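In what follows, a single structure is set out as structure tokens and then discussed.
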Amino acid sequence: MVDLSVKIGKLVLKNPVMTASGTFGYGAEFDDFFDVSSLGAIIVKGTTFEPREGNPYPRMAETPSGMLNAVGLQNKGIDYFETKIYPVISRYETNVIVNVNGSNIDDYVQLTKRIEKLENIPAIELNISCPNVKMGGMAFGTNTVSAREVIRAVRDVYSRTLIVKLSPNVTNIAEFGVIAQEEGADAVSLINTLLGMAIDIKERRPKLSTVTGGLSGPAVKPVALRMVWQTAKAVSIPVIGIGGIMNADDAVEFILAGASAVQVGTASFINPVTASEVVKGIAEYLQLNGFHSPGDIVGNIKI
Amino acid sequence: MVDLSVKIGKLVLKNPVMTASGTFGYGAEFDDFFDVSSLGAIIVKGTTFEPREGNPYPRMAETPSGMLNAVGLQNKGIDYFETKIYPVISRYETNVIVNVNGSNIDDYVQLTKRIEKLENIPAIELNISCPNVKMGGMAFGTNTVSAREVIRAVRDVYSRTLIVKLSPNVTNIAEFGVIAQEEGADAVSLINTLLGMAIDIKERRPKLSTVTGGLSGPAVKPVALRMVWQTAKAVSIPVIGIGGIMNADDAVEFILAGASAVQVGTASFINPVTASEVVKGIAEYLQLNGFHSPGDIVGNIKI
Amino acid sequence: MGKRVEDLIILANRQINQGFFLLEAKSLIGLPVILPGQFLQVRVDNAPQTFLRRPLSVHDVNYERDSVSLLVQVLGEGTRMLSGLKPGDTLNVIYPLGNSFTLPGKGERVMLAGGGCGMAPLLYLGRKARECGAEVSVALGFRNSSRILDFSEFRKIGEVFIATEDGTEGTRGFITDIPAFRESNWDRIYCCGPEPMMKSIAKAAGERDIFCEVSLENLMACGIGACLCCVVNTSEGHVCTCTEGPVFNIRTLLW
Amino acid sequence: MGKRVEDLIILANRQINQGFFLLEAKSLIGLPVILPGQFLQVRVDNAPQTFLRRPLSVHDVNYERDSVSLLVQVLGEGTRMLSGLKPGDTLNVIYPLGNSFTLPGKGERVMLAGGGCGMAPLLYLGRKARECGAEVSVALGFRNSSRILDFSEFRKIGEVFIATEDGTEGTRGFITDIPAFRESNWDRIYCCGPEPMMKSIAKAAGERDIFCEVSLENLMACGIGACLCCVVNTSEGHVCTCTEGPVFNIRTLLW
Ligand SMILES: Cc1cc2nc3c(=O)[nH]c(=O)nc-3n(C[C@H](O)[C@H](O)[C@H](O)COP(=O)(O)OP(=O)(O)OC[C@H]3O[C@@H](n4cnc5c(N)ncnc54)[C@H](O)[C@@H]3O)c2cc1C
Ligand SMILES: Cc1cc2nc3c(=O)[nH]c(=O)nc-3n(C[C@H](O)[C@H](O)[C@H](O)COP(=O)(O)OP(=O)(O)OC[C@H]3O[C@@H](n4cnc5c(N)ncnc54)[C@H](O)[C@@H]3O)c2cc1C
Ligand SMILES: Cc1cc2nc3c(=O)[nH]c(=O)nc-3n(C[C@H](O)[C@H](O)[C@H](O)COP(=O)(O)O)c2cc1C
Ligand SMILES: Cc1cc2nc3c(=O)[nH]c(=O)nc-3n(C[C@H](O)[C@H](O)[C@H](O)COP(=O)(O)O)c2cc1C
Ligand code: FES
Ligand code: FES
């Protein structure tokens, strides 16, 4: 028998499959399609202290085996989250994790403090890698000094499970994983989107209102896998693999590369049931190959 | 009438289309398919001073809209090049450019000196971005200090057109473009491959003998375009755009992003005639939109 | 109202003009309730360029045959693949998505204004409006007479007025130039088409204080409110076209 | 010998066993000279997973019909798409590629040894060997009797010996267990199949000092010598399977 449960920090997940922030709304969008509580965790939309309108339209461009987005953290802020969204998502019988964003360290800290008070949010994912905001975001996650500062400041005020989401737009992502570990993060998740661009050659203008945006989808999978592999070798905390996972085979690739859990992102747009199919598929893979738990195959490749 | 010619350093190209190193052999492989001399330039295989056997098989893995390679600069060295290959490629009535590689600065310098003596090689492309060799290669191109050193050393001994090929596996590629310009390079070309990985989940082993390899093809195009755009804004020397160009529309995207010329890489594997079709398609685009030369649209997008 | 992912079966695919196709697709498990203005997210198989689904309006619904009709204009690779579907092929869709047009009251005089492929969501709306007892007229705009799409189904629900930009049929100019559009006092105008057309109709309606709803075609990734890519700027800020729309009252849009 | 990119037209597609298909494709402009052992790089349209072309051996050539036959085993997405081709469909190929088998002399006794889909390049070779006046025998290995592929065409060129791993037909075991393979003194052995099979046949041939050529199926990106991805380790170092091969004399391979 296969036991799919995994531990990430103080968190117990019934299976290693989560949804990636910004690709699964607040979960309710998927209620019609499957039982969202059957997932290991739901990571909801990127949240900021103040409400944000996000970037102007157009915010999306399709690319070969992928897409660019420039949503820019549109959300209604923590007050609205507390009063309107929190009560609704509390009903899910799984871990609901908030993706925490800010333009400066104080932002991150204030937001984290508010979320710490919400009993049914057992973990946060600290996003220091959003490429779609002018201030903060990726600027933190691509500089070792500021990355350390923000992680430290948030860790100081947050006692539950802290996941740090890393940016792939760096020379050496493992270095950022090590910093997160040194600062007491419980886990790192990677990758956020790769900074990309697309041009409408008829109109001779960028396809995104912000010129550049974040690339996601299968196109980025090889890069994401490499980064997970590099980071998993460098740290002892769990690594959560993200990037182009379209099915269980892709998820297994990430686990073999060293991920203790995975997140399904863009795939949910194409097939809303993907995350649930990935749970089933991982179980089948383990069963078929004589393993008892995902832990048996984490990083388990012959080099 | 459209005049496709462009200038890169001291080099005059009859059109802005070149072939990317390592994807076009020495040109002869494509003689059956089209008149190779009709291109702006041919950049031949990565060359090293000493012969290299390259990496063990398997060296290739297909990925969504792309491929990973780990060839590792297999080539027969400069002696063989001089005596056997140079006489043959001299017959092409276009610019034949050698992609120059080394494991240390002296390697690069010695090789460059030998190539400088070859009259029919009007330019070199200095590759400081090969991800598939243990020593040198990308290690130079991802560190600002060593990048500067190797460019300076090569520039010192080489008076013809020097193109520096940049690695995308960095936090800020424009910075490397600026360094190349400061050290007197005539142009920069980008991007080389993104470091990636793929795993065979049945065998539970990496698909490449070297574990990681270089990602190319349409999957990387959005990242390449963004980097060309960032670099072109930062430097005044010409930028040569590379990465996932499959047709003329893709090439035009790169020119609009700021590239003065482009290189066709992986596409030649799928359709050997791609580079020649790109030449025709660029001319058509310019004509249709009332432009007279590629220069008219370089970086010409409404932001 | 449950959304679902389903493999529909193509019953028919007919070219109705150069680059325009009318697809009919059947649900084997029975259609859900579909409201006029709603759309489907259609998966286009087997093309690397079509990673995302394509949104298509419900053109018509036939509950007896459990089928929906789609009016498709070939623009790029996705719609080109769809135009090649044959009876018996499957079409994977997520549906029904989005809000719907506000139906008119009995006796109200409503105008359906569509440009080119913007006709798509108006036919089913027209039928429903008739069922409500409204008096339906239709104004269709095309570039020229050779681009006119078969509007015989619209004839069955009301009078049809045509405008062509070059005057080769009907009124010369745009829908807003059609005398009936300008003169009659419509209770409601429903509109779908290229953005400039919708804006000019919205302006005309606004000036005359006529209730007016437009159906937007913003670029979408998910179609179900999960990605926030499809936003339009409204008096309430950025809202998702796929869930708050695609149908918007022009008063809420910051046009 | 010119290589070319060409749209061939599918004449026939026949399933010959579960997961095995025999395709016949015609050249509208006339076939080039094709040598036994050469291959094609086939483009698989319309699937994001099949970015690169797929190499397939020439199974047979019919100059009267200007057609080539391909024996395809469905392994993944690419071969699955190919298995669905219908007469009249186009198949974009680059061909003819690679070197070829060394043809035998008159009166020589040659053995064609193929495992599963490794039969593919051997049929055309067998015909050519017969034309050279060689005496041809064929040894085919399969997992079990239900996996045996139609070998009637091979019967026309020589005696056929079968081995199945479970003994459900012919000799129990591998090709190397077939008495005729072990006992007869062959002048030449030509072999194609899974690598372990080729290695064991190469070993048997090497021990008895028999001329032996194998056809390799290394992973390829370009198929024309441009990428250096398909290398095999030989006494001369890394050489490209697509240009120096796919046929190699076992003496040159560092097996
Ligand atoms: C709610 C909604 C309902 C729609 N209903 C219909 C319908 O009933 N019938 C129909 O034919 N089309 C409809 N569309 C538009 C349709 O979705 C697009 O035409 C289609 O996605 C194009 O896909 P493609 O792969 O053929 O073209 P692509 O290759 O994706 O694009 C080709 C060209 O068309 C442009 N384009 C693509 N999508 C849009 C868009 N949404 N708006 C404006 N320009 C676009 C692109 O910028 C590009 O220049 C609807 C769109 C929405 C959002
Ligand atoms: C010179 C040459 C001649 C060939 N001739 C034939 C032929 O006549 N008939 C035929 O059916 N096949 C032939 N092959 C093999 C054929 O090219 C592959 O089976 C095919 O590319 C698989 O494509 P796919 O998309 O179906 O599978 P993929 O999805 O690419 O792969 C499916 C599985 O098969 C494995 N695989 C893929 N390609 C190969 C390979 N070359 N060798 C070993 N394992 C592989 C993959 O690792 C994977 O596990 C030949 C290969 C070469 C190099
Ligand atoms: C539309 C969209 C919105 C996103 N918003 C966020 C966000 O708010 N916070 C965050 O950390 N990541 C965000 N991401 C990144 C994803 O969580 C994920 O890291 C990335 O898309 C790679 O995974 P994928 O290829 O499976 O989509 C977003 C991605 C997309 C496509
Ligand atoms: C098989 C292969 C071999 C390559 N060898 C070299 C090389 O020797 N030197 C080099 O600078 N780049 C090399 N590259 C990188 C290409 O020149 C190019 O920068 C990269 O592939 C991106 O372009 P593309 O997406 O159009 O292929 C190689 C790429 C491939 C696919
Ligand atoms: S398309 Fe994703 S929210 Fe509307
Ligand atoms: S497949 Fe490219 S060199 Fe052989």
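Convention: chains lettered A, B, ... in structure tokens order; per-chain residue numbering from 1; ligands numbered from 1 as shown.
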- request: Kindly compile the residues surrounding ligand 4 within 6 Å, counting only C-alpha atoms and all ligand atoms, and format them as a PyMOL selection string.
  value: (chain B and resi 20-23+45-46+69+73+99+127+191-193+216-217+242-245+264-266) or (chain D and resi 227)
task: Would you mind listing what lies within 8 Å of segment 135-145 of chain D as an MDAnalysis selection string, with only C-alpha atoms counted and same-chain residues fewer than 3 positions away left out?
output: chainID D and resid 107:116 119 126 129:130 148 154 157:169 174:175 178 181
Keeping only N, CA, C and O atoms, write those residues as a CSV table (one decimal), in the first residue's frame.
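Just written: again_12.csv:
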```csv
chain,number,residue,atom,x,y,z
D,107,GLY,N,26.9,-15.6,-54.5
D,107,GLY,CA,27.2,-16.9,-53.9
D,107,GLY,C,27.4,-16.9,-52.4
D,107,GLY,O,27.4,-17.9,-51.8
D,108,GLU,N,27.6,-15.7,-51.9
D,108,GLU,CA,27.8,-15.6,-50.4
D,108,GLU,C,26.6,-16.0,-49.6
D,108,GLU,O,25.5,-15.8,-50.1
D,109,ARG,N,26.8,-16.6,-48.5
D,109,ARG,CA,25.7,-17.1,-47.6
D,109,ARG,C,25.5,-16.0,-46.6
D,109,ARG,O,26.4,-15.8,-45.7
D,110,VAL,N,24.4,-15.3,-46.6
D,110,VAL,CA,24.2,-14.2,-45.6
D,110,VAL,C,23.0,-14.5,-44.8
D,110,VAL,O,22.0,-15.1,-45.2
D,111,MET,N,23.1,-14.0,-43.6
D,111,MET,CA,22.0,-14.1,-42.6
D,111,MET,C,21.5,-12.7,-42.2
D,111,MET,O,22.4,-11.9,-41.8
D,112,LEU,N,20.2,-12.5,-42.3
D,112,LEU,CA,19.6,-11.3,-41.8
D,112,LEU,C,19.0,-11.6,-40.4
D,112,LEU,O,18.1,-12.4,-40.3
D,113,ALA,N,19.5,-10.9,-39.4
D,113,ALA,CA,19.0,-11.2,-38.1
D,113,ALA,C,18.3,-10.0,-37.5
D,113,ALA,O,18.9,-8.9,-37.4
D,114,GLY,N,17.0,-10.1,-37.3
D,114,GLY,CA,16.2,-9.0,-36.8
D,114,GLY,C,15.4,-9.3,-35.6
D,114,GLY,O,14.8,-10.4,-35.5
D,115,GLY,N,15.3,-8.3,-34.7
D,115,GLY,CA,14.4,-8.5,-33.5
D,115,GLY,C,13.3,-7.5,-33.6
D,115,GLY,O,13.6,-6.3,-33.6
D,116,GLY,N,12.1,-8.0,-33.5
D,116,GLY,CA,10.9,-7.1,-33.5
D,116,GLY,C,11.0,-6.1,-34.6
D,116,GLY,O,11.1,-6.5,-35.8
D,119,MET,N,13.4,-5.7,-37.8
D,119,MET,CA,13.2,-6.3,-39.2
D,119,MET,C,13.2,-5.2,-40.2
D,119,MET,O,13.5,-5.4,-41.4
D,126,GLY,N,17.6,-7.5,-47.9
D,126,GLY,CA,17.6,-8.9,-48.4
D,126,GLY,C,17.3,-9.0,-49.9
D,126,GLY,O,17.9,-9.7,-50.6
D,129,ALA,N,20.4,-8.1,-51.6
D,129,ALA,CA,21.4,-9.1,-51.5
D,129,ALA,C,21.1,-10.3,-52.5
D,129,ALA,O,22.0,-10.8,-53.1
D,130,ARG,N,19.9,-10.6,-52.6
D,130,ARG,CA,19.5,-11.6,-53.6
D,130,ARG,C,19.8,-11.1,-55.0
D,130,ARG,O,20.3,-11.9,-55.9
D,148,ILE,N,4.7,-12.0,-33.1
D,148,ILE,CA,5.4,-12.2,-34.4
D,148,ILE,C,4.8,-11.3,-35.5
D,148,ILE,O,3.6,-11.2,-35.6
D,154,PHE,N,9.6,-11.7,-46.3
D,154,PHE,CA,11.0,-12.3,-46.1
D,154,PHE,C,11.1,-13.7,-46.7
D,154,PHE,O,12.1,-14.1,-47.2
D,157,ILE,N,12.5,-14.1,-50.1
D,157,ILE,CA,13.9,-14.0,-50.4
D,157,ILE,C,14.8,-15.0,-49.7
D,157,ILE,O,16.0,-15.0,-50.0
D,158,GLY,N,14.2,-15.8,-48.9
D,158,GLY,CA,15.1,-16.9,-48.3
D,158,GLY,C,14.4,-17.6,-47.2
D,158,GLY,O,13.2,-17.3,-46.9
D,159,GLU,N,15.1,-18.6,-46.6
D,159,GLU,CA,14.5,-19.4,-45.6
D,159,GLU,C,14.4,-18.5,-44.3
D,159,GLU,O,15.3,-17.7,-44.0
D,160,VAL,N,13.3,-18.6,-43.6
D,160,VAL,CA,13.1,-17.8,-42.4
D,160,VAL,C,13.1,-18.7,-41.1
D,160,VAL,O,12.4,-19.7,-41.1
D,161,PHE,N,13.9,-18.4,-40.2
D,161,PHE,CA,14.0,-19.1,-38.9
D,161,PHE,C,13.4,-18.1,-37.8
D,161,PHE,O,13.7,-16.9,-37.8
D,162,ILE,N,12.6,-18.7,-36.9
D,162,ILE,CA,12.0,-17.9,-35.9
D,162,ILE,C,12.5,-18.3,-34.5
D,162,ILE,O,12.7,-19.5,-34.3
D,163,ALA,N,12.7,-17.4,-33.7
D,163,ALA,CA,13.0,-17.7,-32.2
D,163,ALA,C,12.0,-16.9,-31.4
D,163,ALA,O,11.7,-15.7,-31.7
D,164,THR,N,11.4,-17.5,-30.4
D,164,THR,CA,10.5,-16.7,-29.4
D,164,THR,C,11.1,-17.0,-28.1
D,164,THR,O,11.5,-18.1,-27.7
D,165,GLU,N,11.1,-15.9,-27.3
D,165,GLU,CA,11.7,-16.1,-25.9
D,165,GLU,C,11.0,-17.1,-25.1
D,165,GLU,O,11.6,-17.8,-24.3
D,166,ASP,N,9.7,-17.3,-25.3
D,166,ASP,CA,9.0,-18.3,-24.5
D,166,ASP,C,8.8,-19.6,-25.2
D,166,ASP,O,8.1,-20.5,-24.7
D,167,GLY,N,9.3,-19.7,-26.4
D,167,GLY,CA,9.2,-20.9,-27.1
D,167,GLY,C,7.9,-21.2,-27.8
D,167,GLY,O,7.6,-22.3,-28.2
D,168,THR,N,7.0,-20.3,-27.8
D,168,THR,CA,5.6,-20.5,-28.3
D,168,THR,C,5.7,-20.7,-29.8
D,168,THR,O,4.7,-21.1,-30.4
D,169,GLU,N,6.7,-20.3,-30.5
D,169,GLU,CA,6.9,-20.7,-31.9
D,169,GLU,C,8.4,-20.7,-32.2
D,169,GLU,O,9.2,-19.9,-31.6
D,174,PHE,N,16.7,-16.9,-28.0
D,174,PHE,CA,17.0,-15.8,-28.8
D,174,PHE,C,17.5,-16.2,-30.2
D,174,PHE,O,17.7,-17.4,-30.4
D,175,ILE,N,17.7,-15.3,-31.1
D,175,ILE,CA,18.2,-15.6,-32.4
D,175,ILE,C,19.5,-16.4,-32.3
D,175,ILE,O,19.7,-17.4,-33.1
D,178,ILE,N,19.1,-20.2,-32.3
D,178,ILE,CA,18.6,-20.9,-33.5
D,178,ILE,C,19.7,-21.8,-34.0
D,178,ILE,O,20.8,-21.2,-34.3
D,181,PHE,N,21.5,-20.6,-37.0
D,181,PHE,CA,22.4,-19.5,-36.8
D,181,PHE,C,23.7,-19.9,-36.2
D,181,PHE,O,24.8,-19.5,-36.6
```
- prompt: Please, which residues of segment 52-175 of chain A, numbered as in this document, come out strand (DSSP E) from DSSP, as a list of chain:residue names?
  reply: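 Going through segment 52-175 of chain A, the strand (DSSP E) residues come out as A:Met60, A:Ala61, A:Glu62, A:Thr63, A:Gly66, A:Met67, A:Leu68, A:Asn69, A:Asn95, A:Val96, A:Ile97, A:Val98, A:Asn99, A:Val100, A:Ala123, A:Ile124, A:Glu125, A:Leu126, A:Asn127, A:Thr161, A:Leu162, A:Ile163, A:Val164, A:Lys165.
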query: For the atom pair atom CA of Thr161 of chain A and atom CA of Asn95 of chain A, what is the interatomic distance in Å to one decimal place?
result: 11.1 Å
message: Based on only C-alpha atoms, which of the residues in chain C come within 9 Å of chain A? I want them as a PyMOL selection string.
response: chain C and resi 1-5+41+43+48-53+94+218-233+237-238
- prompt: Counting only C-alpha atoms and all ligand atoms, which protein, DNA or RNA residues come within 6 Å of ligand 1, given as JSON, numbers by chain?
  reply: {"C": [39, 54, 55, 56, 57, 70, 71, 72, 73, 74, 75, 76, 77, 78, 79, 80, 117, 120, 217, 218, 219, 246]}
Go ahead and write the residues just picked, C-alpha atoms, as an mmCIF file, in the first residue's frame.
```
data_model
loop_
_atom_site.group_PDB
_atom_site.id
_atom_site.type_symbol
_atom_site.label_atom_id
_atom_site.label_comp_id
_atom_site.auth_asym_id
_atom_site.auth_seq_id
_atom_site.Cartn_x
_atom_site.Cartn_y
_atom_site.Cartn_z
ATOM 1 C CA PHE C 39 -19.214 30.712 -23.846
ATOM 2 C CA ARG C 54 -9.867 29.020 -27.165
ATOM 3 C CA PRO C 55 -13.000 30.842 -25.949
ATOM 4 C CA LEU C 56 -15.983 30.583 -28.288
ATOM 5 C CA SER C 57 -19.478 31.946 -27.774
ATOM 6 C CA LEU C 70 -20.435 27.604 -32.680
ATOM 7 C CA LEU C 71 -19.693 30.242 -35.261
ATOM 8 C CA VAL C 72 -15.952 30.256 -35.826
ATOM 9 C CA GLN C 73 -13.860 32.771 -37.676
ATOM 10 C CA VAL C 74 -10.459 31.460 -38.724
ATOM 11 C CA LEU C 75 -7.848 33.861 -37.367
ATOM 12 C CA GLY C 76 -4.871 31.751 -36.392
ATOM 13 C CA GLU C 77 -3.751 28.207 -35.813
ATOM 14 C CA GLY C 78 -6.408 27.360 -33.222
ATOM 15 C CA THR C 79 -9.419 28.358 -35.232
ATOM 16 C CA ARG C 80 -7.818 26.840 -38.342
ATOM 17 C CA CYS C 117 -18.185 37.120 -36.137
ATOM 18 C CA ALA C 120 -22.047 34.588 -32.729
ATOM 19 C CA GLU C 217 -13.703 39.130 -26.303
ATOM 20 C CA ASN C 218 -10.730 39.725 -24.033
ATOM 21 C CA LEU C 219 -7.784 37.364 -24.225
ATOM 22 C CA PRO C 246 -18.280 38.468 -21.072
#
```
- request: Have a look at atom CA of Gln18 of chain D and atom 29 (O, counted along the ligand's line) of ligand 2 and let me know their distance in Å, one decimal.
  value: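 Atom-to-atom, atom CA of Gln18 of chain D and atom 29 (O, counted along the ligand's line) of ligand 2 are spaced 17.5 Å apart.
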Once you count only C-alpha atoms, which residues of chain B turn out to be within 8 Å of chain A? Could you give them as a compact mmCIF listing (two decimals) with N, CA and C atoms, in the first residue's frame?
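File written: selection30.txt
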```
# COMPACT_ATOMS: atom_id res chain seq x y z
N THR B 63 12.17 18.03 -25.45
CA THR B 63 11.35 18.62 -24.39
C THR B 63 10.20 19.38 -25.05
N PRO B 64 9.21 19.82 -24.29
CA PRO B 64 8.08 20.52 -24.94
C PRO B 64 8.57 21.74 -25.73
N SER B 65 8.33 21.73 -27.01
CA SER B 65 8.76 22.81 -27.91
C SER B 65 10.25 23.13 -27.79
N GLY B 66 11.03 22.13 -27.54
CA GLY B 66 12.47 22.38 -27.47
C GLY B 66 13.26 21.10 -27.32
N THR B 142 29.24 33.61 -16.70
CA THR B 142 28.28 33.89 -15.64
C THR B 142 28.95 34.63 -14.48
N ASN B 169 22.12 32.26 -18.45
CA ASN B 169 21.99 31.70 -17.11
C ASN B 169 22.54 32.66 -16.06
N VAL B 170 22.11 33.91 -16.15
CA VAL B 170 22.59 34.94 -15.24
C VAL B 170 21.41 35.80 -14.78
N THR B 171 21.65 36.53 -13.68
CA THR B 171 20.61 37.39 -13.15
C THR B 171 20.37 38.59 -14.06
N ASN B 172 21.45 39.13 -14.62
CA ASN B 172 21.32 40.37 -15.39
C ASN B 172 22.20 40.31 -16.62
N LEU B 194 19.77 27.72 -22.31
CA LEU B 194 19.42 27.77 -20.89
C LEU B 194 19.74 26.41 -20.28
N LEU B 195 20.32 26.43 -19.11
CA LEU B 195 20.67 25.15 -18.48
C LEU B 195 19.39 24.43 -18.04
N GLY B 196 19.23 23.21 -18.48
CA GLY B 196 18.02 22.46 -18.17
C GLY B 196 18.32 21.00 -17.89
N MET B 197 17.26 20.24 -17.65
CA MET B 197 17.42 18.84 -17.25
C MET B 197 16.15 18.07 -17.62
N ALA B 198 16.31 16.81 -17.86
CA ALA B 198 15.15 15.95 -18.09
C ALA B 198 15.44 14.58 -17.50
N ILE B 199 14.42 13.93 -16.99
CA ILE B 199 14.60 12.66 -16.31
C ILE B 199 13.73 11.58 -16.95
N ASP B 200 14.32 10.43 -17.18
CA ASP B 200 13.58 9.27 -17.66
C ASP B 200 12.98 8.60 -16.43
N ILE B 201 11.64 8.72 -16.28
CA ILE B 201 11.05 8.23 -15.03
C ILE B 201 10.94 6.71 -15.00
N ARG B 204 14.53 5.95 -14.12
CA ARG B 204 14.96 6.79 -12.99
C ARG B 204 16.42 7.23 -13.14
N ARG B 205 16.68 7.78 -14.33
CA ARG B 205 18.00 8.39 -14.52
C ARG B 205 17.87 9.60 -15.43
N PRO B 206 18.84 10.49 -15.34
CA PRO B 206 18.78 11.67 -16.22
C PRO B 206 18.79 11.24 -17.68
N VAL B 211 23.77 14.80 -16.99
CA VAL B 211 22.68 15.22 -16.10
C VAL B 211 21.98 16.48 -16.62
N THR B 212 22.71 17.59 -16.70
CA THR B 212 22.10 18.82 -17.22
C THR B 212 22.64 19.10 -18.62
N LEU B 215 19.14 24.00 -23.07
CA LEU B 215 17.79 24.03 -23.66
C LEU B 215 17.77 25.02 -24.82
N PRO B 218 11.90 26.79 -29.62
CA PRO B 218 10.85 27.79 -29.35
C PRO B 218 10.54 27.98 -27.87
N ALA B 219 10.74 26.95 -27.06
CA ALA B 219 10.45 27.08 -25.63
C ALA B 219 11.20 28.25 -25.02
N VAL B 220 12.41 28.53 -25.50
CA VAL B 220 13.23 29.58 -24.87
C VAL B 220 13.00 30.95 -25.51
N PRO B 222 10.64 33.30 -25.56
CA PRO B 222 10.24 34.47 -24.76
C PRO B 222 11.37 34.99 -23.86
N VAL B 223 12.15 34.08 -23.32
CA VAL B 223 13.27 34.49 -22.46
C VAL B 223 14.34 35.17 -23.31
N ALA B 224 14.64 34.60 -24.46
CA ALA B 224 15.66 35.17 -25.35
C ALA B 224 15.26 36.57 -25.80
N LEU B 225 14.01 36.74 -26.17
CA LEU B 225 13.53 38.05 -26.62
C LEU B 225 13.67 39.08 -25.52
N ARG B 226 13.29 38.70 -24.32
CA ARG B 226 13.41 39.62 -23.19
C ARG B 226 14.86 40.02 -22.99
N MET B 227 15.77 39.06 -23.10
CA MET B 227 17.18 39.35 -22.85
C MET B 227 17.76 40.24 -23.95
N ASP B 249 8.71 35.35 -38.93
CA ASP B 249 7.99 36.12 -37.92
C ASP B 249 8.76 36.18 -36.61
N VAL B 252 11.66 38.55 -37.00
CA VAL B 252 11.21 39.95 -36.94
C VAL B 252 10.96 40.35 -35.49
N GLU B 253 10.41 39.46 -34.70
CA GLU B 253 10.22 39.76 -33.27
C GLU B 253 11.55 40.16 -32.63
N LEU B 256 12.65 43.57 -33.83
CA LEU B 256 11.86 44.60 -33.16
C LEU B 256 12.29 44.77 -31.70
N ALA B 257 12.76 43.69 -31.10
CA ALA B 257 13.20 43.77 -29.71
C ALA B 257 14.56 44.46 -29.60
N ASN B 300 12.31 48.91 -32.90
CA ASN B 300 11.24 49.84 -33.23
C ASN B 300 9.87 49.35 -32.75
N ILE B 301 9.68 49.31 -31.43
CA ILE B 301 8.36 48.97 -30.91
C ILE B 301 7.82 50.09 -30.05
N LYS B 302 6.47 50.19 -30.09
CA LYS B 302 5.82 51.20 -29.26
C LYS B 302 5.69 50.65 -27.84
N ILE B 303 6.26 51.33 -26.92
CA ILE B 303 6.17 50.87 -25.52
C ILE B 303 5.13 51.73 -24.80
```
Which of segment 42-227 of chain A fall in alpha helix (DSSP H), as a PyMOL selection string: chain A and resi 77-80+86-89+105-116+138-141+144-157+173-182+221-227
With only C-alpha atoms as the counted atoms, please give the residues lying no more than 9 Å from Thr90 of chain C, apart from itself and same-chain residues fewer than 2 positions off, as a compact mmCIF listing (two decimals) with N, CA, C and O atoms, in the first residue's frame.
```txt
# COMPACT_ATOMS: atom_id res chain seq x y z
N ASP C 7 -16.19 15.96 -23.39
CA ASP C 7 -15.91 15.70 -24.81
C ASP C 7 -17.21 15.76 -25.58
O ASP C 7 -18.05 14.85 -25.48
N LEU C 8 -17.38 16.82 -26.35
CA LEU C 8 -18.55 16.87 -27.22
C LEU C 8 -18.22 16.14 -28.54
O LEU C 8 -17.06 15.96 -28.87
N ILE C 9 -19.26 15.76 -29.24
CA ILE C 9 -19.06 15.08 -30.52
C ILE C 9 -19.54 16.01 -31.64
O ILE C 9 -20.66 16.52 -31.59
N ILE C 10 -18.68 16.20 -32.61
CA ILE C 10 -19.05 17.07 -33.74
C ILE C 10 -20.15 16.39 -34.58
O ILE C 10 -19.99 15.23 -34.99
N ALA C 25 -22.02 20.71 -32.19
CA ALA C 25 -21.40 19.70 -31.35
C ALA C 25 -22.39 19.21 -30.32
O ALA C 25 -23.14 19.99 -29.73
N LEU C 85 -12.45 20.26 -38.26
CA LEU C 85 -13.12 19.16 -37.55
C LEU C 85 -14.16 18.50 -38.44
O LEU C 85 -14.82 19.15 -39.25
N LYS C 86 -14.30 17.19 -38.26
CA LYS C 86 -15.26 16.43 -39.07
C LYS C 86 -16.30 15.78 -38.17
O LYS C 86 -16.02 15.51 -37.00
N PRO C 87 -17.48 15.52 -38.71
CA PRO C 87 -18.50 14.84 -37.91
C PRO C 87 -17.91 13.58 -37.27
O PRO C 87 -17.18 12.83 -37.93
N GLY C 88 -18.20 13.40 -36.00
CA GLY C 88 -17.67 12.24 -35.28
C GLY C 88 -16.43 12.58 -34.46
O GLY C 88 -16.13 11.89 -33.49
N ASN C 92 -13.12 18.78 -26.96
CA ASN C 92 -13.11 18.88 -25.51
C ASN C 92 -13.37 20.32 -25.09
O ASN C 92 -12.69 21.24 -25.52
```
